[in-house]
Amino acid sequence: MKFSDMKLQAMNAVRAYFVRNWTIEDLMNNGEIPQHAYTSLKRVYLTLFFAMWSFTFGSFLHWTRGAGGLFTVLSSVASLLCLYFISPLRVRTRVLLLMIAAFSIGASIGIFIKYFFDIDHE
């Protein structure tokens, strides 16, 4: 496939996205989801669930054990930067970095709360 064909295909996809001639029947489609789409959605939702769980676990450790500090802030920033620059084909590495970032942000959220709400009002 040539680059111009790919460009034309992408432009048609964008045009189809913004030109929506949907009817109520299109929105009420109760047909079955194809197996590959179901598997993909299942992976996405499980990843989001475990990222939220990791964030919750990090904030729980911050609340109970005082975990968190400058290290967790820097590790969350570093893991998000690595997540941005690593190839999308390295899925396991990206999922691991997402979990590390979620945990670190959860553990360091107390610093942000203290910074925003512990201001001397004089």
# chains A, B, ... in the order shown; residues from 1 in each chain; ligands from 1

call {"tool": "residues_around", "arguments": {"residues": "A:Val73", "least_positions_apart": "4", "cutoff": "8 Å", "atoms": "only C-alpha atoms", "output": "list of chain:residue names"}}
result
A:Gly68, A:Gly69, A:Val77, A:Ser104, A:Ile105, A:Ser108

call {"tool": "residues_around", "arguments": {"residues": "A:Ala102", "least_positions_apart": "6", "cutoff": "10 Å", "atoms": "only C-alpha atoms", "output": "MDAnalysis selection string"}}
result
chainID A and resid 50:59 76 79:80 96 108

call {"tool": "write_last_selection", "arguments": {"atoms": "C-alpha atoms", "output": "JSON list (two decimals), in the first residue's frame"}}
result
[["chain", "number", "residue", "atom", "x", "y", "z"],
["A", 50, "PHE", "CA", -5.94, -2.92, 37.41],
["A", 51, "ALA", "CA", -4.58, 0.59, 36.89],
["A", 52, "MET", "CA", -7.31, 1.95, 39.18],
["A", 53, "TRP", "CA", -6.58, -0.82, 41.65],
["A", 54, "SER", "CA", -2.88, 0.03, 41.58],
["A", 55, "PHE", "CA", -3.68, 3.72, 42.15],
["A", 56, "THR", "CA", -5.94, 2.79, 45.07],
["A", 57, "PHE", "CA", -3.29, 0.53, 46.58],
["A", 58, "GLY", "CA", -0.70, 3.31, 46.33],
["A", 59, "SER", "CA", -2.99, 5.83, 47.99],
["A", 76, "SER", "CA", 5.55, 8.64, 38.41],
["A", 79, "SER", "CA", 7.33, 6.12, 34.22],
["A", 80, "LEU", "CA", 4.89, 8.36, 32.34],
["A", 96, "LEU", "CA", 3.92, -2.53, 33.58],
["A", 108, "SER", "CA", 2.24, 10.68, 45.99]]

call {"tool": "residues_around", "arguments": {"residues": "A:Thr93", "least_positions_apart": "6", "cutoff": "12 Å", "atoms": "only C-alpha atoms", "output": "ChimeraX atom specification"}}
result
/A:79,82-87,99-100

call {"tool": "write_last_selection", "arguments": {"atoms": "C-alpha atoms", "output": "compact mmCIF listing (two decimals), in the first residue's frame"}}
result
# COMPACT_ATOMS: atom_id res chain seq x y z
CA SER A 79 7.33 6.12 34.22
CA CYS A 82 8.94 6.15 29.47
CA LEU A 83 5.36 5.14 28.68
CA TYR A 84 5.18 7.97 26.16
CA PHE A 85 8.43 7.09 24.41
CA ILE A 86 8.23 3.27 24.33
CA SER A 87 6.91 1.66 21.17
CA MET A 99 0.82 0.14 36.75
CA ILE A 100 3.99 1.69 38.18

call {"tool": "closest_residue", "arguments": {"among": "A:Ile24, A:Ala107, A:Met6, A:Val95", "to": "A:Phe49", "atoms": "only C-alpha atoms"}}
result
A:Val95

call {"tool": "select_by_dssp", "arguments": {"residues": "stretch 22-114 of chain A", "states": "alpha helix (DSSP H)", "output": "PyMOL selection string"}}
result
chain A and resi 24-27+35-65+70-85+91-114
